[in-house]
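Peer 1: I am attaching a structure below and will ask some questions about it afterwards.
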Amino acid sequence: MKYIPFGNTQVSSIGVGTMRIAGMTPEQADTFVRAALAEGINFFDHADIYGGGRSEEIFGTVLAKDPALRDKMFIQSKCAIHDGMYDFSKDYILQSVDGILSRLKTDHLDALLLHRPDVLMEPEEVGEAFAQLKSSGKVLQFGVSNMNRWQMELLESGCGEKLQANQMQLSIAHAPMIDEGINVNTAFDGAAVRTAGVLEYCRMHDMVLETWSPLQKGFFGGVFLNDSEYSELNEYMDTLAEEYQVPKDTIAYAWILRLPAKMQVITGTTDPSRLHNAALAADITLTRKQWYELYKAAGRRLP
Ligand SMILES: NC(=O)c1ccc[n+]([C@@H]2O[C@H](COP(=O)([O-])OP(=O)(O)OC[C@H]3O[C@@H](n4cnc5c(N)ncnc54)[C@H](OP(=O)(O)O)[C@@H]3O)[C@@H](O)[C@H]2O)c1
């Protein structure tokens, strides 16, 4: 496993996403969490809305049974989505964190991310919530998710906290933040500015770029592995999987980790054996040629 700095601590470059674990039994959750730790994965990504809170609850059963596991983990959760809106108000953030801590059966979060940008945000008000959470020891570090460069700058300018991470959707089949950089100043569709340079911003500001849905096409459009819509991509992935002697999904994760930022893959698998496939990616460095060939095999062209 490879580890990267997240503010003042170290996290695995593969993180476990818990969006799909709500249906696990406590025994299955225990096996799953221990399998992740055995792979060297110390990073667990939650959100107050996953399974309506059930994902955090089931994870909490694992910690309740063996509290010593907590010290081996970096636990992150997210808030801001509720009742059909996005909400960065101080009261909501504070109340959400209390709910998260009680469901997870822990006294602190290693990081809290704001899940989706609230257009009505007041950075200073968010700062008040962050300061209270930090001084009470409930949250150690902060970040955001699904924000473009300007939203991060705005929030950071008034909230008084360094944002340590941004969690964005990225896969070989969904890569607007890459497309916009490659197609600058062309009239091609890929030139559309959808993130305003999040990749470059995160590099310049030493932020972890966490990537969600690493195997999905579109917006929760299903996995692109073995999808006939992506036959050229799958063929080339098979070739690379053979060359590196790894499963095919490993190549998809390695494509993300090859980017020259503090990259982190948040896998959504619920299968302990597939956690191993993700972990293998931390040891692979695709060549520049292979990286570009994968990018193009997903149906894109270079200008
Ligand atoms: N910030 C945000 O707005 C946001 C949004 C969405 C998600 N997230 C985070 O990102 C995490 C990952 O998202 P995701 O679950 O969409 O990611 P994903 O890893 O792209 O998709 C997971 C799905 O892929 C399947 N899968 C994994 N390996 C496979 C393989 N080799 N062949 C076929 N299917 C395979 C999994 O099934 P199995 O379980 O059977 O392996 C699961 O159904 C979430 O858990 C959450 O923590 C964040």
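Chain identifiers are assigned as A, B, and so on, following the order in which chains appear in the structure tokens; residues are numbered from 1 within each chain, and ligands are numbered from 1 in order of appearance.
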Find the residues near ligand 1. Use a cut-off of 6 Å, count only C-alpha atoms and all ligand atoms, and write them as JSON, numbers by chain.
Peer 2: {"A": [17, 18, 19, 20, 45, 46, 115, 145, 167, 212, 213, 214, 215, 216, 223, 249, 266, 267, 268, 269, 270, 271]}
Peer 1: Which residues are near Arg54 in chain A? Cut-off 9 Å, only C-alpha atoms, ignore same chain within fewer than 4 positions. Put them as a list in words.
Peer 2: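 Neighbouring residues, sequence-local ones excluded: Ile21, Ala22, Gly23, Asp48, Ile49, Tyr50, Ile58, Phe59 and Arg103 of chain A.
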Peer 1: Which is closest to Thr61 in chain A among A:Gln28, A:Asn146, A:Ser136, A:Asn166, if we use only C-alpha atoms?
Peer 2: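 Ranked by minimum distance to Thr61 in chain A, first place goes to A:Gln28.
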Peer 1: Can you tell me which residues surround Met73 in chain A at a distance of at most 9 Å, considering only C-alpha atoms, apart from same-chain residues fewer than 6 positions away, and format the answer as a list in words?
Peer 2: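 The residues satisfying every condition are Val11, Leu37, Ile41, Asn42, Phe43, Phe44 and Asp110 of chain A.
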Peer 1: Restricting the calculation to only C-alpha atoms, which member of A:Ser273, A:Gln264, A:Gln95, A:Asn234 is positioned closest to Gly299 in chain A?
Peer 2: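 Distance minimum relative to Gly299 in chain A lands on A:Asn234.
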Peer 1: Based on the backbone DSSP call, show me all residues of range 78-302 of chain A assigned strand (DSSP E), as number ranges by chain.
Peer 2: A: 78-79, 81-82, 85-86, 109-114, 139-145, 163-169, 208-212, 262-267
Peer 1: How would you write, as a CSV table (one decimal) with N, CA and C atoms, in the first residue's frame, the set of residues in range 49-216 of chain A that DSSP gives as helix (DSSP H, G or I)?
Peer 2:
chain,number,residue,atom,x,y,z
A,50,TYR,N,-25.7,8.0,3.6
A,50,TYR,CA,-25.6,6.7,3.0
A,50,TYR,C,-26.6,5.7,3.7
A,51,GLY,N,-27.5,5.1,3.0
A,51,GLY,CA,-28.4,4.2,3.6
A,51,GLY,C,-29.3,4.9,4.6
A,52,GLY,N,-29.5,6.2,4.5
A,52,GLY,CA,-30.3,6.9,5.4
A,52,GLY,C,-29.6,6.9,6.8
A,53,GLY,N,-28.3,6.7,6.9
A,53,GLY,CA,-27.6,6.6,8.2
A,53,GLY,C,-27.3,5.2,8.6
A,54,ARG,N,-27.9,4.2,7.8
A,54,ARG,CA,-27.6,2.8,8.2
A,54,ARG,C,-26.2,2.4,7.9
A,55,SER,N,-25.6,3.0,6.9
A,55,SER,CA,-24.2,2.6,6.6
A,55,SER,C,-23.3,2.9,7.8
A,56,GLU,N,-23.5,4.1,8.3
A,56,GLU,CA,-22.7,4.5,9.5
A,56,GLU,C,-23.0,3.6,10.7
A,57,GLU,N,-24.3,3.3,10.8
A,57,GLU,CA,-24.7,2.4,12.0
A,57,GLU,C,-24.0,1.0,11.9
A,58,ILE,N,-24.0,0.4,10.7
A,58,ILE,CA,-23.5,-0.9,10.6
A,58,ILE,C,-22.0,-0.9,10.8
A,59,PHE,N,-21.3,0.2,10.3
A,59,PHE,CA,-19.9,0.3,10.6
A,59,PHE,C,-19.7,0.5,12.1
A,60,GLY,N,-20.6,1.2,12.7
A,60,GLY,CA,-20.5,1.4,14.2
A,60,GLY,C,-20.5,0.1,15.0
A,61,THR,N,-21.2,-0.9,14.5
A,61,THR,CA,-21.3,-2.1,15.2
A,61,THR,C,-19.9,-2.8,15.2
A,62,VAL,N,-19.1,-2.6,14.2
A,62,VAL,CA,-17.8,-3.2,14.1
A,62,VAL,C,-16.9,-2.5,15.2
A,63,LEU,N,-17.0,-1.2,15.3
A,63,LEU,CA,-16.2,-0.4,16.3
A,63,LEU,C,-16.7,-0.7,17.7
A,64,ALA,N,-18.0,-0.9,17.9
A,64,ALA,CA,-18.5,-1.2,19.2
A,64,ALA,C,-18.0,-2.5,19.7
A,65,LYS,N,-17.9,-3.4,18.8
A,65,LYS,CA,-17.4,-4.8,19.2
A,65,LYS,C,-15.9,-4.8,19.5
A,67,PRO,N,-13.4,-1.8,20.0
A,67,PRO,CA,-13.0,-0.3,19.9
A,67,PRO,C,-11.5,-0.1,19.6
A,68,ALA,N,-10.7,-1.1,19.8
A,68,ALA,CA,-9.2,-0.9,19.5
A,68,ALA,C,-9.0,-0.7,18.0
A,69,LEU,N,-10.0,-1.1,17.2
A,69,LEU,CA,-9.8,-0.9,15.7
A,69,LEU,C,-9.8,0.6,15.4
A,70,ARG,N,-10.4,1.4,16.2
A,70,ARG,CA,-10.5,2.8,15.9
A,70,ARG,C,-9.1,3.5,15.6
A,71,ASP,N,-8.2,3.1,16.4
A,71,ASP,CA,-6.8,3.8,16.3
A,71,ASP,C,-6.1,3.4,15.0
A,72,LYS,N,-6.6,2.3,14.3
A,72,LYS,CA,-6.0,1.9,13.1
A,72,LYS,C,-6.6,2.6,11.9
A,90,LYS,N,-24.5,26.7,10.0
A,90,LYS,CA,-23.8,26.2,11.2
A,90,LYS,C,-24.6,25.2,12.0
A,91,ASP,N,-25.9,25.5,12.3
A,91,ASP,CA,-26.7,24.6,13.1
A,91,ASP,C,-26.8,23.2,12.5
A,92,TYR,N,-27.0,23.2,11.2
A,92,TYR,CA,-27.1,21.9,10.5
A,92,TYR,C,-25.8,21.1,10.6
A,93,ILE,N,-24.7,21.8,10.3
A,93,ILE,CA,-23.4,21.1,10.3
A,93,ILE,C,-23.1,20.5,11.7
A,94,LEU,N,-23.4,21.3,12.7
A,94,LEU,CA,-23.1,20.8,14.1
A,94,LEU,C,-24.0,19.6,14.5
A,95,GLN,N,-25.2,19.7,14.1
A,95,GLN,CA,-26.2,18.7,14.4
A,95,GLN,C,-25.9,17.4,13.6
A,96,SER,N,-25.5,17.6,12.4
A,96,SER,CA,-25.2,16.4,11.6
A,96,SER,C,-24.0,15.6,12.1
A,97,VAL,N,-23.0,16.4,12.6
A,97,VAL,CA,-21.8,15.7,13.1
A,97,VAL,C,-22.1,14.9,14.4
A,98,ASP,N,-23.0,15.5,15.2
A,98,ASP,CA,-23.4,14.7,16.4
A,98,ASP,C,-24.1,13.4,16.0
A,99,GLY,N,-24.9,13.4,15.0
A,99,GLY,CA,-25.6,12.2,14.5
A,99,GLY,C,-24.6,11.2,14.0
A,100,ILE,N,-23.6,11.7,13.2
A,100,ILE,CA,-22.6,10.8,12.6
A,100,ILE,C,-21.8,10.1,13.7
A,101,LEU,N,-21.3,10.9,14.7
A,101,LEU,CA,-20.5,10.3,15.8
A,101,LEU,C,-21.3,9.3,16.6
A,102,SER,N,-22.6,9.5,16.8
A,102,SER,CA,-23.3,8.6,17.6
A,102,SER,C,-23.6,7.3,16.8
A,103,ARG,N,-23.8,7.4,15.5
A,103,ARG,CA,-24.0,6.2,14.7
A,103,ARG,C,-22.7,5.4,14.5
A,104,LEU,N,-21.6,6.1,14.3
A,104,LEU,CA,-20.3,5.4,14.1
A,104,LEU,C,-19.7,4.9,15.4
A,123,PRO,N,-19.2,31.6,4.0
A,123,PRO,CA,-17.9,31.0,4.4
A,123,PRO,C,-17.6,31.3,5.9
A,124,GLU,N,-18.0,32.5,6.4
A,124,GLU,CA,-17.7,32.8,7.8
A,124,GLU,C,-18.5,31.9,8.7
A,125,GLU,N,-19.8,31.7,8.3
A,125,GLU,CA,-20.7,30.8,9.2
A,125,GLU,C,-20.2,29.4,9.2
A,126,VAL,N,-19.7,28.9,8.0
A,126,VAL,CA,-19.1,27.6,8.0
A,126,VAL,C,-17.9,27.5,8.9
A,127,GLY,N,-17.1,28.6,8.9
A,127,GLY,CA,-15.9,28.7,9.8
A,127,GLY,C,-16.3,28.6,11.2
A,128,GLU,N,-17.4,29.2,11.6
A,128,GLU,CA,-17.8,29.1,13.0
A,128,GLU,C,-18.1,27.6,13.4
A,129,ALA,N,-18.8,26.9,12.5
A,129,ALA,CA,-19.0,25.5,12.7
A,129,ALA,C,-17.7,24.7,12.8
A,130,PHE,N,-16.8,25.0,11.9
A,130,PHE,CA,-15.5,24.3,11.9
A,130,PHE,C,-14.8,24.5,13.2
A,131,ALA,N,-14.8,25.8,13.6
A,131,ALA,CA,-14.0,26.1,14.8
A,131,ALA,C,-14.5,25.4,16.0
A,132,GLN,N,-15.9,25.4,16.1
A,132,GLN,CA,-16.5,24.7,17.2
A,132,GLN,C,-16.2,23.2,17.2
A,133,LEU,N,-16.3,22.6,16.0
A,133,LEU,CA,-16.0,21.2,15.9
A,133,LEU,C,-14.6,20.8,16.2
A,134,LYS,N,-13.7,21.7,15.8
A,134,LYS,CA,-12.3,21.5,16.1
A,134,LYS,C,-11.9,21.7,17.6
A,135,SER,N,-12.4,22.7,18.2
A,135,SER,CA,-12.1,23.0,19.6
A,135,SER,C,-12.7,21.9,20.5
A,149,ARG,N,-12.9,24.9,-8.5
A,149,ARG,CA,-11.8,25.6,-7.9
A,149,ARG,C,-12.3,26.9,-7.2
A,150,TRP,N,-13.3,27.6,-7.8
A,150,TRP,CA,-13.7,28.9,-7.3
A,150,TRP,C,-14.5,28.7,-6.0
A,151,GLN,N,-15.2,27.7,-5.9
A,151,GLN,CA,-16.0,27.4,-4.7
A,151,GLN,C,-15.1,27.1,-3.5
A,152,MET,N,-14.0,26.3,-3.8
A,152,MET,CA,-13.0,26.0,-2.8
A,152,MET,C,-12.3,27.3,-2.3
A,153,GLU,N,-12.0,28.2,-3.3
A,153,GLU,CA,-11.3,29.4,-2.9
A,153,GLU,C,-12.2,30.3,-2.1
A,154,LEU,N,-13.5,30.4,-2.5
A,154,LEU,CA,-14.4,31.2,-1.8
A,154,LEU,C,-14.5,30.7,-0.3
A,155,LEU,N,-14.8,29.4,-0.2
A,155,LEU,CA,-15.0,28.9,1.1
A,155,LEU,C,-13.7,29.1,2.0
A,156,GLU,N,-12.6,28.8,1.4
A,156,GLU,CA,-11.3,28.9,2.2
A,156,GLU,C,-11.0,30.3,2.6
A,157,SER,N,-11.4,31.3,1.8
A,157,SER,CA,-11.1,32.7,2.0
A,157,SER,C,-11.8,33.1,3.3
A,158,GLY,N,-12.9,32.5,3.7
A,158,GLY,CA,-13.7,33.0,4.8
A,158,GLY,C,-13.8,32.1,6.0
A,159,CYS,N,-13.5,30.8,5.8
A,159,CYS,CA,-13.8,29.8,6.9
A,159,CYS,C,-12.7,29.6,7.9
A,176,PRO,N,-14.2,14.6,-16.8
A,176,PRO,CA,-14.3,16.0,-17.2
A,176,PRO,C,-13.1,16.9,-16.8
A,177,MET,N,-12.6,16.6,-15.6
A,177,MET,CA,-11.5,17.4,-15.1
A,177,MET,C,-10.2,17.1,-15.9
A,178,ILE,N,-10.1,16.0,-16.5
A,178,ILE,CA,-9.0,15.7,-17.4
A,178,ILE,C,-9.3,16.3,-18.8
A,179,ASP,N,-10.5,16.0,-19.3
A,179,ASP,CA,-10.9,16.5,-20.6
A,179,ASP,C,-10.6,18.0,-20.7
A,180,GLU,N,-11.0,18.7,-19.7
A,180,GLU,CA,-11.0,20.2,-19.8
A,180,GLU,C,-9.5,20.7,-19.9
A,181,GLY,N,-8.6,19.9,-19.3
A,181,GLY,CA,-7.2,20.3,-19.4
A,181,GLY,C,-6.6,20.0,-20.7
A,182,ILE,N,-7.1,18.8,-21.3
A,182,ILE,CA,-6.5,18.4,-22.6
A,182,ILE,C,-7.0,19.2,-23.7
A,189,ASP,N,-16.1,19.3,-27.5
A,189,ASP,CA,-16.9,19.2,-26.3
A,189,ASP,C,-16.1,19.1,-25.0
A,190,GLY,N,-15.0,18.3,-25.1
A,190,GLY,CA,-14.1,18.1,-23.9
A,190,GLY,C,-13.6,19.4,-23.3
A,191,ALA,N,-13.6,20.5,-24.1
A,191,ALA,CA,-13.1,21.8,-23.6
A,191,ALA,C,-14.0,22.4,-22.6
A,198,VAL,N,-9.8,21.7,-11.2
A,198,VAL,CA,-9.7,21.1,-9.8
A,198,VAL,C,-8.4,20.3,-9.7
A,199,LEU,N,-8.0,19.6,-10.7
A,199,LEU,CA,-6.8,18.8,-10.6
A,199,LEU,C,-5.6,19.7,-10.3
A,200,GLU,N,-5.4,20.8,-11.1
A,200,GLU,CA,-4.3,21.7,-10.9
A,200,GLU,C,-4.4,22.4,-9.5
A,201,TYR,N,-5.6,22.8,-9.2
A,201,TYR,CA,-5.8,23.5,-7.9
A,201,TYR,C,-5.4,22.6,-6.7
A,202,CYS,N,-5.8,21.4,-6.8
A,202,CYS,CA,-5.5,20.5,-5.7
A,202,CYS,C,-3.9,20.2,-5.6
A,203,ARG,N,-3.3,20.2,-6.8
A,203,ARG,CA,-1.8,20.0,-6.8
A,203,ARG,C,-1.2,21.2,-6.1
A,204,MET,N,-1.6,22.4,-6.6
A,204,MET,CA,-1.0,23.6,-6.1
A,204,MET,C,-1.2,23.9,-4.6
Peer 1: Measuring between only C-alpha atoms, which one of A:Ala29, A:Asp206, A:Pro303, A:Val144 shows the shortest distance to Asn185 in chain A?
Peer 2: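 Once distances to Asn185 in chain A are computed over only C-alpha atoms, the minimum belongs to A:Pro303.
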Peer 1: Find the distance between CA of Val184 in chain A and CA of Gln169 in chain A and write it in Å to one decimal.
Peer 2: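 Pair CA of Val184 in chain A / CA of Gln169 in chain A returns 20.3 Å.
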Peer 1: Counting only C-alpha atoms, which of A:Ala47, A:Leu140, A:Met147, A:Ile14 gets nearest to Leu280 in chain A?
Peer 2: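 Among the listed residues, A:Ile14 lies closest to Leu280 in chain A.
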Peer 1: Pro5 in chain A: which residues within 12 Å, counting only C-alpha atoms, same-chain residues fewer than 2 positions away excluded, as a list in words?
Peer 2: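 After dropping sequence-adjacent residues, the list is Lys2, Tyr3, Gly7, Asn8, Thr9, Gln10, Val11, Ser12, Ser13, Phe43, Phe74, Gln164, Ala165, Asp206, Met207, Val208, Leu209, Ala261, Lys262, Met263 and Gln264 of chain A.
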Peer 1: Pull C-alpha atoms from the residues just selected and write them as a PDB file, in the first residue's frame.
Peer 2:
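Result went into part-v5.pdb, see below:
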ATOM      1  CA  LYS A   2       1.071   3.552  -0.668  1.00  0.00           C
ATOM      2  CA  TYR A   3       0.358   6.293   1.870  1.00  0.00           C
ATOM      3  CA  GLY A   7      -2.954  17.346   6.440  1.00  0.00           C
ATOM      4  CA  ASN A   8      -0.988  16.192   9.452  1.00  0.00           C
ATOM      5  CA  THR A   9      -1.577  12.456   9.064  1.00  0.00           C
ATOM      6  CA  GLN A  10      -1.015   9.642   6.581  1.00  0.00           C
ATOM      7  CA  VAL A  11      -3.777   7.874   4.670  1.00  0.00           C
ATOM      8  CA  SER A  12      -3.788   4.945   2.263  1.00  0.00           C
ATOM      9  CA  SER A  13      -4.086   5.877  -1.416  1.00  0.00           C
ATOM     10  CA  PHE A  43      -9.204   5.157   5.134  1.00  0.00           C
ATOM     11  CA  PHE A  74      -8.835   7.355   9.425  1.00  0.00           C
ATOM     12  CA  GLN A 164      -7.338  19.262   3.063  1.00  0.00           C
ATOM     13  CA  ALA A 165      -9.285  17.345   0.413  1.00  0.00           C
ATOM     14  CA  ASP A 206      -1.381  20.269  -1.552  1.00  0.00           C
ATOM     15  CA  MET A 207      -4.887  18.841  -1.228  1.00  0.00           C
ATOM     16  CA  VAL A 208      -5.815  15.181  -1.458  1.00  0.00           C
ATOM     17  CA  LEU A 209      -7.927  14.560  -4.554  1.00  0.00           C
ATOM     18  CA  ALA A 261      -1.496  14.911  -7.533  1.00  0.00           C
ATOM     19  CA  LYS A 262      -2.143  13.468  -4.074  1.00  0.00           C
ATOM     20  CA  MET A 263      -4.593  11.001  -5.651  1.00  0.00           C
ATOM     21  CA  GLN A 264      -6.823   8.664  -3.688  1.00  0.00           C
TER      22      GLN A 264
END
Peer 1: Grab the CA of Thr239 in chain A to CA of Glu293 in chain A distance for me, in Å with one decimal place.
Peer 2: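 Here the two named atoms are 11.6 Å from each other.
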Peer 1: Between A:Asp118, A:Leu275, A:Lys296, A:Gly160, which is the closest to Ala38 in chain A once you count only C-alpha atoms?
Peer 2: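 So, comparing all the options, the nearest one is A:Leu275.
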Peer 1: Grab the CA of Asn277 in chain A to CA of Thr250 in chain A distance for me, in Å with one decimal place.
Peer 2: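 A separation of 5.3 Å between them.
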